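Peer 1: For reference, this is final06.cif, and it has mmCIF, C-alpha atoms.
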```
data_final
#
loop_
_atom_site.label_atom_id
_atom_site.label_comp_id
_atom_site.auth_asym_id
_atom_site.auth_seq_id
_atom_site.Cartn_x
_atom_site.Cartn_y
_atom_site.Cartn_z
CA MET A 128 -86.91 262.25 215.34
CA LYS A 129 -86.78 260.00 218.41
CA VAL A 130 -85.21 261.35 221.58
CA ARG A 131 -83.13 258.97 223.69
CA LEU A 132 -82.09 259.86 227.20
CA PHE A 133 -80.20 258.15 229.98
CA ASP A 134 -82.67 257.26 232.72
CA SER A 135 -80.94 257.18 236.11
CA LEU A 136 -83.55 254.80 237.54
CA THR A 137 -83.01 252.02 234.99
CA ARG A 138 -79.42 253.11 234.23
CA SER A 139 -80.09 252.77 230.51
CA LEU A 140 -80.72 254.81 227.39
CA ARG A 141 -84.45 254.85 226.66
CA ASP A 142 -86.68 256.41 224.03
CA LEU A 143 -88.63 259.32 225.47
CA GLU A 144 -92.28 258.40 225.95
CA THR A 145 -94.78 260.58 227.79
CA ALA A 146 -98.32 260.27 229.10
CA GLU A 147 -99.65 262.81 226.60
CA PRO A 148 -98.19 262.48 223.10
CA GLY A 149 -96.03 265.47 222.21
CA VAL A 150 -96.09 266.99 225.71
CA VAL A 151 -93.36 266.69 228.36
CA ARG A 152 -94.18 267.51 231.97
CA MET A 153 -90.78 268.32 233.41
CA TYR A 154 -89.82 269.11 236.99
CA ALA A 155 -86.37 270.44 237.89
CA CYS A 156 -85.05 270.70 241.42
CA GLY A 157 -84.25 274.37 241.92
CA PRO A 158 -82.20 276.49 244.31
CA THR A 159 -82.26 276.70 248.07
CA VAL A 160 -82.21 280.47 248.45
CA TYR A 161 -79.97 281.06 251.46
CA LEU A 162 -76.91 282.25 249.49
CA PRO A 163 -76.34 283.24 245.86
CA ALA A 164 -76.32 280.40 243.34
CA HIS A 165 -72.84 279.66 241.98
CA ILE A 166 -71.96 278.55 238.48
CA GLY A 167 -71.85 274.91 239.58
CA ASN A 168 -75.53 275.29 240.47
CA PHE A 169 -76.14 277.03 237.17
CA ARG A 170 -74.55 274.15 235.28
CA ALA A 171 -77.67 272.16 236.16
CA ASN A 172 -79.93 275.04 235.17
CA VAL A 173 -78.23 275.46 231.79
CA CYS A 174 -78.30 271.69 231.21
CA TRP A 175 -82.05 271.54 231.78
CA ASP A 176 -82.52 274.63 229.62
CA VAL A 177 -80.74 272.75 226.82
CA VAL A 178 -83.00 269.74 227.40
CA ARG A 179 -86.08 271.91 227.18
CA ARG A 180 -84.87 273.81 224.09
CA THR A 181 -83.88 270.56 222.36
CA LEU A 182 -87.29 269.03 222.95
CA GLU A 183 -88.99 272.16 221.65
CA LEU A 184 -86.71 272.22 218.60
CA LEU A 185 -87.74 268.63 217.88
CA GLY A 186 -91.43 269.44 218.13
CA TRP A 187 -92.35 268.70 221.74
CA ARG A 188 -94.30 271.02 224.00
CA VAL A 189 -92.53 271.31 227.35
CA ARG A 190 -94.23 272.24 230.60
CA LYS A 191 -91.32 272.95 232.90
CA VAL A 192 -91.63 273.69 236.61
CA MET A 193 -88.70 274.50 238.90
CA ASN A 194 -89.12 274.80 242.65
CA ILE A 195 -87.66 277.31 245.08
CA THR A 196 -86.69 275.85 248.47
CA ASP A 197 -87.18 278.44 251.21
CA VAL A 198 -87.63 276.14 254.22
CA GLY A 199 -86.55 272.70 255.41
CA HIS A 200 -83.27 272.09 253.52
CA LEU A 201 -80.78 271.02 256.18
CA THR A 202 -77.04 271.62 256.24
CA ARG A 203 -76.28 267.88 256.31
CA ASP A 204 -77.91 267.19 252.97
CA ASP A 205 -75.64 264.20 252.33
CA THR A 206 -77.86 262.33 254.80
CA ALA A 207 -81.59 261.79 254.76
CA ASP A 208 -82.08 263.92 257.84
CA GLY A 209 -79.41 265.99 259.59
CA GLY A 210 -78.10 269.43 260.46
CA GLU A 211 -79.71 272.86 260.63
CA ASP A 212 -82.11 274.53 258.22
CA LYS A 213 -79.94 276.47 255.76
CA MET A 214 -82.44 279.33 255.61
CA GLU A 215 -82.34 279.63 259.40
CA VAL A 216 -78.54 279.73 259.49
CA THR A 217 -78.39 282.76 257.18
CA ALA A 218 -81.38 284.47 258.82
CA ARG A 219 -79.95 284.16 262.33
CA LYS A 220 -76.49 285.24 261.21
CA GLU A 221 -77.90 288.38 259.60
CA GLY A 222 -80.63 289.00 262.17
CA VAL A 223 -83.39 289.11 259.55
CA ASP A 224 -86.54 287.18 258.70
CA PRO A 225 -85.97 284.01 256.61
CA LEU A 226 -88.46 285.26 254.03
CA ALA A 227 -86.35 288.39 253.53
CA VAL A 228 -83.31 286.19 252.93
CA ALA A 229 -85.33 284.10 250.50
CA GLN A 230 -86.61 287.07 248.50
CA ARG A 231 -83.14 288.58 248.18
CA TYR A 232 -81.67 285.41 246.72
CA ILE A 233 -84.73 284.60 244.61
CA ASP A 234 -84.32 287.99 242.93
CA ARG A 235 -80.59 287.35 242.49
CA PHE A 236 -81.24 283.87 241.07
CA HIS A 237 -83.66 285.17 238.45
CA ALA A 238 -81.34 288.04 237.48
CA ASP A 239 -78.48 285.59 236.95
CA ARG A 240 -80.75 283.10 235.19
CA ARG A 241 -81.89 285.72 232.70
CA ALA A 242 -78.31 286.87 232.12
CA LEU A 243 -77.47 283.25 231.28
CA ARG A 244 -80.43 283.21 228.86
CA ILE A 245 -82.23 280.39 230.65
CA LEU A 246 -85.85 280.41 229.50
CA ASP A 247 -88.58 281.09 232.04
CA ALA A 248 -90.20 278.01 233.53
CA GLU A 249 -93.97 277.75 233.62
CA ALA A 250 -93.82 278.26 237.39
CA TYR A 251 -91.35 278.67 240.25
CA PRO A 252 -93.29 277.43 243.30
CA ARG A 253 -91.93 278.28 246.75
CA ALA A 254 -92.07 275.57 249.40
CA THR A 255 -93.58 277.93 251.97
CA GLU A 256 -96.59 278.45 249.68
CA HIS A 257 -97.48 274.74 249.50
CA VAL A 258 -97.39 273.55 253.11
CA PRO A 259 -101.10 272.49 253.23
CA GLY A 260 -100.48 270.02 250.40
CA MET A 261 -97.43 268.67 252.20
CA ILE A 262 -99.46 268.10 255.36
CA ALA A 263 -102.12 266.29 253.32
CA LEU A 264 -99.57 263.93 251.74
CA ILE A 265 -97.98 263.22 255.13
CA GLU A 266 -101.42 262.34 256.52
CA ARG A 267 -101.87 259.85 253.66
CA LEU A 268 -98.49 258.30 254.38
CA VAL A 269 -99.37 257.86 258.05
CA ALA A 270 -102.76 256.37 257.13
CA ARG A 271 -101.12 253.93 254.69
CA GLY A 272 -98.60 252.75 257.26
CA HIS A 273 -95.55 254.32 255.61
CA ALA A 274 -94.99 256.96 258.29
CA TYR A 275 -95.09 257.17 262.07
CA VAL A 276 -95.34 259.98 264.63
CA VAL A 277 -92.95 260.47 267.54
CA GLY A 278 -93.29 263.50 269.79
CA GLY A 279 -94.63 265.82 267.11
CA ASN A 280 -92.17 264.64 264.46
CA VAL A 281 -93.28 262.46 261.55
CA TYR A 282 -90.87 260.01 259.93
CA PHE A 283 -91.08 257.92 256.77
CA GLU A 284 -90.33 254.28 257.55
CA VAL A 285 -88.09 253.03 254.75
CA ALA A 286 -88.71 249.38 255.64
CA THR A 287 -92.28 249.78 254.34
CA PHE A 288 -91.00 250.69 250.85
CA PRO A 289 -88.92 247.79 249.45
CA ALA A 290 -87.80 249.79 246.39
CA TYR A 291 -85.95 252.33 248.57
CA GLY A 292 -82.39 252.46 247.26
CA ARG A 293 -83.22 251.46 243.70
CA LEU A 294 -82.48 254.89 242.21
CA SER A 295 -79.05 255.18 243.79
CA GLY A 296 -78.33 251.48 243.25
CA ASN A 297 -77.78 250.50 246.85
CA SER A 298 -79.38 248.64 249.70
CA VAL A 299 -80.74 250.65 252.61
CA ASP A 300 -77.90 249.50 254.87
CA ALA A 301 -75.27 250.45 252.28
CA LEU A 302 -76.84 253.88 251.81
CA VAL A 303 -76.85 254.46 255.55
CA ALA A 304 -73.21 253.44 255.90
CA GLY A 305 -72.12 255.52 252.90
CA ALA A 306 -73.90 258.62 254.13
CA ARG A 307 -72.68 258.23 257.72
CA VAL A 308 -76.22 258.24 259.14
CA GLU A 309 -76.18 258.15 262.93
CA PRO A 310 -78.81 256.28 264.96
CA HIS A 311 -81.61 258.49 266.28
CA PRO A 312 -83.63 257.61 269.39
CA ASP A 313 -86.94 258.50 267.72
CA LYS A 314 -86.34 256.48 264.56
CA ARG A 315 -87.13 252.84 263.96
CA HIS A 316 -84.26 252.66 261.45
CA PRO A 317 -81.37 255.11 260.95
CA ALA A 318 -82.44 255.65 257.31
CA ASP A 319 -85.97 256.76 258.22
CA PHE A 320 -86.32 260.42 257.29
CA ALA A 321 -88.34 263.36 258.58
CA LEU A 322 -91.51 264.41 256.80
CA TRP A 323 -92.47 266.94 259.49
CA LYS A 324 -90.34 268.39 262.27
CA THR A 325 -91.31 270.10 265.50
CA ASP A 326 -88.79 272.62 266.81
CA PRO A 327 -89.93 275.57 268.97
CA SER A 328 -86.79 277.52 268.03
CA HIS A 329 -87.41 277.30 264.28
CA LEU A 330 -88.22 280.69 262.75
CA GLN A 331 -90.81 279.34 260.28
CA GLN A 332 -93.66 277.22 261.65
CA TRP A 333 -97.13 276.07 260.59
CA ASP A 334 -100.02 274.40 262.37
CA SER A 335 -100.40 270.69 261.65
CA PRO A 336 -102.14 267.63 263.15
CA TRP A 337 -98.83 266.89 264.95
CA GLY A 338 -98.28 270.37 266.36
CA ARG A 339 -96.59 273.50 265.06
CA GLY A 340 -93.58 272.72 262.94
CA PHE A 341 -92.17 272.74 259.42
CA PRO A 342 -91.89 270.28 256.50
CA GLY A 343 -88.85 268.23 255.61
CA TRP A 344 -87.01 269.09 252.41
CA HIS A 345 -87.89 265.90 250.56
CA ILE A 346 -91.69 266.14 250.96
CA GLU A 347 -91.68 269.57 249.35
CA CYS A 348 -90.83 268.46 245.81
CA SER A 349 -93.25 265.52 245.98
CA VAL A 350 -96.06 268.03 246.47
CA MET A 351 -95.06 271.06 244.41
CA SER A 352 -94.35 269.02 241.28
CA VAL A 353 -97.76 267.34 241.32
CA GLU A 354 -99.72 270.45 242.27
CA LEU A 355 -98.15 272.57 239.52
CA LEU A 356 -98.03 270.00 236.70
CA GLY A 357 -101.41 268.44 237.47
CA THR A 358 -100.32 264.81 237.33
CA GLU A 359 -99.21 262.24 239.90
CA THR A 360 -96.69 260.75 237.45
CA LEU A 361 -94.23 263.22 235.95
CA ASP A 362 -92.66 262.60 232.57
CA LEU A 363 -89.21 263.89 233.45
CA HIS A 364 -87.57 264.76 236.77
CA THR A 365 -84.11 266.35 236.76
CA GLY A 366 -81.46 267.25 239.31
CA GLY A 367 -77.79 267.09 240.16
CA GLU A 368 -75.91 263.89 240.92
CA ASP A 369 -75.97 264.88 244.60
CA HIS A 370 -79.77 264.59 244.50
CA LEU A 371 -79.70 260.86 243.75
CA PHE A 372 -79.41 260.14 247.46
CA PRO A 373 -81.00 261.13 249.66
CA HIS A 374 -83.28 263.68 248.03
CA HIS A 375 -84.65 261.87 244.99
CA GLU A 376 -84.58 258.50 246.69
CA CYS A 377 -86.79 259.95 249.42
CA GLU A 378 -89.04 261.71 246.90
CA ILE A 379 -89.78 258.42 245.17
CA ALA A 380 -90.54 256.61 248.42
CA GLN A 381 -92.95 259.17 249.80
CA SER A 382 -94.60 259.98 246.44
CA GLU A 383 -95.21 256.36 245.47
CA GLY A 384 -95.96 255.31 249.03
CA GLY A 385 -98.59 258.00 249.35
CA ARG A 386 -100.14 257.80 245.89
CA GLY A 387 -99.54 254.25 244.70
CA VAL A 388 -98.32 255.20 241.21
CA PRO A 389 -94.82 255.75 239.72
CA PHE A 390 -93.55 259.24 240.50
CA SER A 391 -91.64 259.91 237.27
CA ARG A 392 -91.14 258.06 233.98
CA PHE A 393 -87.58 259.35 233.56
CA TRP A 394 -84.86 260.67 235.86
CA LEU A 395 -81.94 262.78 234.59
CA HIS A 396 -78.94 263.81 236.69
CA ASN A 397 -76.09 266.10 235.72
CA ARG A 398 -72.52 265.64 236.94
CA PHE A 399 -70.73 268.17 239.13
CA MET A 400 -68.75 271.23 238.23
CA ASN A 401 -65.36 270.65 239.87
CA VAL A 402 -62.56 272.98 240.94
CA GLU A 403 -59.14 271.33 241.10
CA GLY A 404 -60.75 267.92 241.30
CA ARG A 405 -63.25 268.77 244.05
CA ARG A 406 -66.93 269.54 243.67
CA MET A 407 -67.65 273.27 243.53
CA GLY A 408 -69.79 274.03 246.56
CA LYS A 409 -70.80 276.69 249.05
CA SER A 410 -69.83 274.47 251.97
CA LEU A 411 -66.32 274.10 250.54
CA GLY A 412 -65.91 277.81 249.83
CA ASN A 413 -64.46 277.09 246.38
CA TYR A 414 -67.25 278.53 244.28
CA TRP A 415 -67.59 281.31 241.71
CA THR A 416 -70.76 283.30 241.20
CA LEU A 417 -71.77 284.87 237.92
CA ASP A 418 -71.04 288.30 239.43
CA ASP A 419 -67.49 287.14 240.23
CA LEU A 420 -66.92 286.27 236.58
CA VAL A 421 -68.56 289.43 235.25
CA ALA A 422 -66.27 291.43 237.57
CA LYS A 423 -63.34 289.78 235.78
CA GLY A 424 -64.67 291.00 232.44
CA PHE A 425 -66.48 287.90 231.20
CA ASP A 426 -69.82 288.10 229.38
CA PRO A 427 -72.56 285.88 230.88
CA VAL A 428 -73.06 284.43 227.39
CA ALA A 429 -69.52 283.03 227.52
CA VAL A 430 -70.41 281.42 230.85
CA ARG A 431 -73.55 279.95 229.30
CA TYR A 432 -71.48 278.49 226.48
CA LEU A 433 -68.99 277.02 228.94
CA LEU A 434 -71.76 275.35 230.95
CA LEU A 435 -73.39 273.74 227.90
CA SER A 436 -70.19 272.79 226.10
CA VAL A 437 -69.84 269.46 227.94
CA GLN A 438 -72.62 266.86 227.83
CA TYR A 439 -74.61 266.92 231.07
CA ARG A 440 -73.56 263.41 232.19
CA GLN A 441 -69.85 264.27 232.02
CA PRO A 442 -68.05 266.09 234.86
CA MET A 443 -66.61 269.54 234.20
CA ASN A 444 -63.55 271.22 235.65
CA PHE A 445 -63.73 274.97 236.13
CA THR A 446 -60.85 277.28 235.26
CA LEU A 447 -60.72 280.92 234.24
CA GLU A 448 -58.87 279.76 231.12
CA GLY A 449 -61.93 277.66 230.32
CA VAL A 450 -64.17 280.71 230.50
CA ALA A 451 -61.78 282.60 228.22
CA GLY A 452 -61.87 279.69 225.78
CA ALA A 453 -65.66 279.73 225.85
CA LYS A 454 -65.63 283.44 225.02
CA ALA A 455 -63.35 282.74 222.05
CA SER A 456 -65.74 280.04 220.83
CA VAL A 457 -68.73 282.38 221.06
CA ASP A 458 -66.76 285.01 219.16
CA ARG A 459 -65.99 282.48 216.39
CA ILE A 460 -69.65 281.54 215.99
CA ARG A 461 -70.80 285.16 216.01
CA GLY A 462 -68.01 286.13 213.65
CA ALA A 463 -69.03 283.57 211.05
CA VAL A 464 -72.56 284.96 210.96
CA ARG A 465 -71.53 288.61 211.22
CA ASN A 466 -68.98 288.31 208.43
CA LEU A 467 -71.14 286.24 206.11
CA VAL A 468 -70.81 288.06 202.79
CA GLU A 469 -73.89 288.30 200.57
CA ASP A 470 -73.26 289.09 196.90
CA PRO A 471 -75.95 288.89 194.18
CA GLY A 472 -73.20 287.98 191.74
CA ALA A 473 -71.91 285.05 193.77
CA PRO A 474 -72.60 281.57 192.44
CA PRO A 475 -75.54 279.79 194.09
CA LEU A 476 -74.98 276.87 196.40
CA ALA A 477 -74.31 273.74 194.38
CA PRO A 478 -76.62 270.82 195.25
CA ALA A 479 -73.77 268.97 196.95
CA GLU A 480 -72.83 272.04 198.98
CA ALA A 481 -76.43 272.67 200.00
CA GLY A 482 -76.65 269.02 200.99
CA GLU A 483 -73.61 269.43 203.24
CA PHE A 484 -75.28 272.29 205.10
CA ASP A 485 -78.48 270.24 205.39
CA ALA A 486 -76.44 267.35 206.80
CA LEU A 487 -74.91 269.63 209.43
CA GLU A 488 -78.37 270.66 210.61
CA GLU A 489 -79.51 267.04 210.68
CA GLY A 490 -76.36 266.07 212.57
CA PHE A 491 -76.92 268.85 215.11
CA ARG A 492 -80.45 267.64 215.78
CA ALA A 493 -79.36 264.00 215.92
CA ALA A 494 -76.58 264.72 218.42
CA LEU A 495 -78.98 266.47 220.75
CA ALA A 496 -81.62 263.77 220.31
CA GLU A 497 -79.05 261.22 221.55
CA ASP A 498 -79.06 262.09 225.26
CA PHE A 499 -78.51 265.82 224.66
CA ASN A 500 -74.93 265.41 223.46
CA THR A 501 -73.98 269.07 223.30
CA SER A 502 -70.31 268.32 222.63
CA ALA A 503 -71.18 266.45 219.42
CA ALA A 504 -73.74 269.11 218.47
CA LEU A 505 -71.12 271.85 218.83
CA GLY A 506 -68.89 269.85 216.51
CA LYS A 507 -71.52 270.34 213.78
CA VAL A 508 -71.72 274.06 214.59
CA PHE A 509 -67.99 274.52 214.09
CA ASP A 510 -68.05 272.45 210.90
CA ALA A 511 -70.54 275.04 209.64
CA VAL A 512 -68.34 277.90 210.88
CA ARG A 513 -65.36 276.52 208.94
CA LYS A 514 -67.42 276.05 205.77
CA VAL A 515 -68.75 279.61 205.92
CA ASN A 516 -65.33 281.13 206.58
CA ALA A 517 -63.73 279.13 203.76
CA ARG A 518 -66.33 279.79 201.07
CA GLY A 519 -66.34 283.53 200.57
CA PRO A 520 -69.45 285.37 199.25
CA PHE A 521 -72.87 283.69 199.10
CA ASP A 522 -75.71 284.48 196.76
CA PRO A 523 -78.79 285.90 198.57
CA ALA A 524 -80.61 282.55 198.69
CA GLY A 525 -77.51 280.76 199.94
CA ALA A 526 -76.86 283.42 202.58
CA ALA A 527 -80.45 283.11 203.80
CA ARG A 528 -80.05 279.34 203.99
CA VAL A 529 -76.88 279.61 206.08
CA ARG A 530 -78.39 282.23 208.39
CA ALA A 531 -81.37 279.93 208.91
CA LEU A 532 -78.97 277.11 209.79
CA PHE A 533 -77.29 279.21 212.46
CA GLY A 534 -80.73 280.28 213.64
CA THR A 535 -81.55 276.61 214.20
CA PHE A 536 -78.33 276.15 216.15
CA ASP A 537 -79.15 279.17 218.25
CA ARG A 538 -82.60 277.93 219.22
CA VAL A 539 -80.68 275.69 221.62
CA LEU A 540 -77.39 277.53 222.15
CA ASP A 541 -78.75 281.11 222.40
CA VAL A 542 -75.34 282.76 222.04
CA LEU A 543 -75.69 284.75 218.80
CA ARG A 544 -77.70 287.68 220.13
CA GLU A 545 -75.44 290.55 221.20
CA ASP A 546 -77.20 292.63 223.86
#
```
In structure tokens, how does this file's structure come out?
Peer 2:
Amino acid sequence: MKVRLFDSLTRSLRDLETAEPGVVRMYACGPTVYLPAHIGNFRANVCWDVVRRTLELLGWRVRKVMNITDVGHLTRDDTADGGEDKMEVTARKEGVDPLAVAQRYIDRFHADRRALRILDAEAYPRATEHVPGMIALIERLVARGHAYVVGGNVYFEVATFPAYGRLSGNSVDALVAGARVEPHPDKRHPADFALWKTDPSHLQQWDSPWGRGFPGWHIECSVMSVELLGTETLDLHTGGEDHLFPHHECEIAQSEGGRGVPFSRFWLHNRFMNVEGRRMGKSLGNYWTLDDLVAKGFDPVAVRYLLLSVQYRQPMNFTLEGVAGAKASVDRIRGAVRNLVEDPGAPPLAPAEAGEFDALEEGFRAALAEDFNTSAALGKVFDAVRKVNARGPFDPAGAARVRALFGTFDRVLDVLRED
């Protein structure tokens, strides 16, 4: 079965094609570990878990890598280059080492991720562990004329990369105006962004050809993805809609400027989780963590269901009533399987009835193969729930067939298991 997905770069639905037949090399932008991840962050994680599970259900082998940002992500991440390092803000506030902050929230992230039944990635590289590779790529960018050095800082010159702005669908000047980028005395253009920064007050520093400093956020993913997946052109790169600009726009420029090949064949971006019409975010203080919801009596599996119930390219609005509704939906699915009655004396499935169950499985797969349409796929699941509840007892072969059907559903949903 072909898989079609909406590529943000071309803004079109395209058939999935990869460098190695049957294998998808997938890179997902992961958390910046300065505070606990909230469920808006985990919407992206659950979306990409669904993508991975769908591809595996349909016969692909997925090599998924997700990074951990523990240095260089600035507070003004709506611009290419502004604000303070988020790790530093928390570390200074608490009077602890940034690596201690990072480890605390890495552990919390993985605990929450497992509670939400998100499969382990192949690797979770930390930015601080890949600085030598970042320095090497920056040196290549300087040598190729894409970057320049000013007082120990290194900047990417966007004017040397004509495709800058293609991903987000804007010209450089429009991007600068939209992101409120202020002129900087060291920069040749306001949109130029830092690859390496020198700041004696920064708590994390490394030696480099330009002096002691630290890498910019954008260069980190360009290096970790390639080093961990072993290819200069990824098959699939994912992130939130807020990553379109500046993060992914900058990744493309520095990756392709430094290596001379396309950075990724496909780009996927999920829409935000909103609260009362505004994006859920740490900076806005309107976020819910998984612990917050568990404290209110909700099972993490209900939260998982909520996060996958809307197709990734559609915005979601968070309410506690929505979580309660998700719990009720999980209970309905589990109840259909739990209450499935097996009776050796029951009539076997008629050919037409068996064909209807087969069609539901095919429809489930087809919905997911069409840009991971979880809403349509769940429609097939509840069609099956209604058929099971309406039928009464099944003969042993029929019961096994229906259980196998729900097992197929659960390879992607992962909500049936009751821990």
Peer 1: Ranking A:Ala511, A:Phe445, A:Val428, A:Asp326 by minimum distance to A:Glu403 and counting all atoms listed in the file, which one comes first?
Peer 2: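 Under the stated criterion, the closest residue is A:Phe445.
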Peer 1: Ranking A:His364, A:His200, A:Arg492, A:Arg241 by minimum distance to A:Phe393 and counting all atoms listed in the file, which one comes first?
Peer 2: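 Under the stated criterion, the closest residue is A:His364.
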Peer 1: For the PyMOL selection byres ((chain A and resi 136) around 8), applied here, can you spell out every residue it catches as a ChimeraX atom specification?
Peer 2: /A:134-135,137-138,293-295,393-394
Peer 1: May I have the residues at most 10 Å from (-81.0, 275.4, 210.3) in the file's coordinates, counting only C-alpha atoms, as a list in words?
Peer 2: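 Output: Phe484, Asp485, Ala486, Leu487, Glu488, Glu489, Phe491, Arg492, Arg528, Val529, Arg530, Ala531, Leu532, Phe533, Gly534, Thr535, Phe536, Asp537 and Arg538 of chain A.
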Peer 1: Just how far from atom CA of A:Asn444 is atom CA of A:Lys409, in Å to one decimal?
Peer 2: 16.2 Å
Peer 1: Interatomic distance between atom CA of A:Pro163 and atom CA of A:Met261?
Peer 2: 26.4 Å
Peer 1: Leaving out stretch 237-240 of chain A and any residue of its chain fewer than 6 positions from it, which residues lie within 10 Å of it when counting only C-alpha atoms, given as a count of residues only?
Peer 2: 14
Peer 1: Nearest residue to A:Ala254 out of A:Asn280, A:Asn297, A:Thr196, A:Thr217, using all atoms listed in the file?
Peer 2: A:Thr196
Peer 1: Pick from A:Met214, A:Val299, A:Leu264, A:Leu363: nearest to A:Arg152, with only C-alpha atoms counted?
Peer 2: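 Among A:Met214, A:Val299, A:Leu264, A:Leu363, it is A:Leu363 that comes nearest to A:Arg152.
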Peer 1: Residues at most 6 Å from A:Val281, counting all atoms listed in the file, excluding those fewer than 6 positions away in the same chain, as a PyMOL selection string?
Peer 2: chain A and resi 275+321-323
Peer 1: Counting all atoms listed in the file, figure out which residue out of A:Asp300, A:Asp319, A:Asp426, A:Glu368 gets nearest to A:Ala380.
Peer 2: A:Asp319
Peer 1: What is the atom CA of A:Glu266 to atom CA of A:Val388 distance in Å?
Peer 2: 17.2 Å
Peer 1: Name the residues that the PyMOL selection byres ((chain A and resi 519) around 9) picks from the file above, as a PyMOL selection string, using the file's chain letters and numbers.
Peer 2: chain A and resi 467-469+473+515-518+520-521
Peer 1: From the list A:Leu505, A:Val350, A:Ile233, A:Leu411, which residue is nearest A:Ser456 when using only C-alpha atoms?
Peer 2: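 Answer, going by the shortest atom-to-atom distance: A:Leu505.
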Peer 1: With 10 Å as the threshold, what does the neighbourhood of (-80.7, 287.9, 252.4) contain in terms of residues, counting all atoms listed in the file? Coordinates are those of the file; answer as number ranges by chain.
Peer 2: A: 160-163, 214, 217-218, 221-233, 235
Peer 1: Now that the selection is made, can you save its residues with C-alpha atoms as a compact mmCIF listing (two decimals), in the frame of the given file?
Peer 2:
```txt
# COMPACT_ATOMS: atom_id res chain seq x y z
CA VAL A 160 -82.21 280.47 248.45
CA TYR A 161 -79.97 281.06 251.46
CA LEU A 162 -76.91 282.25 249.49
CA PRO A 163 -76.34 283.24 245.86
CA MET A 214 -82.44 279.33 255.61
CA THR A 217 -78.39 282.76 257.18
CA ALA A 218 -81.38 284.47 258.82
CA GLU A 221 -77.90 288.38 259.60
CA GLY A 222 -80.63 289.00 262.17
CA VAL A 223 -83.39 289.11 259.55
CA ASP A 224 -86.54 287.18 258.70
CA PRO A 225 -85.97 284.01 256.61
CA LEU A 226 -88.46 285.26 254.03
CA ALA A 227 -86.35 288.39 253.53
CA VAL A 228 -83.31 286.19 252.93
CA ALA A 229 -85.33 284.10 250.50
CA GLN A 230 -86.61 287.07 248.50
CA ARG A 231 -83.14 288.58 248.18
CA TYR A 232 -81.67 285.41 246.72
CA ILE A 233 -84.73 284.60 244.61
CA ARG A 235 -80.59 287.35 242.49
```
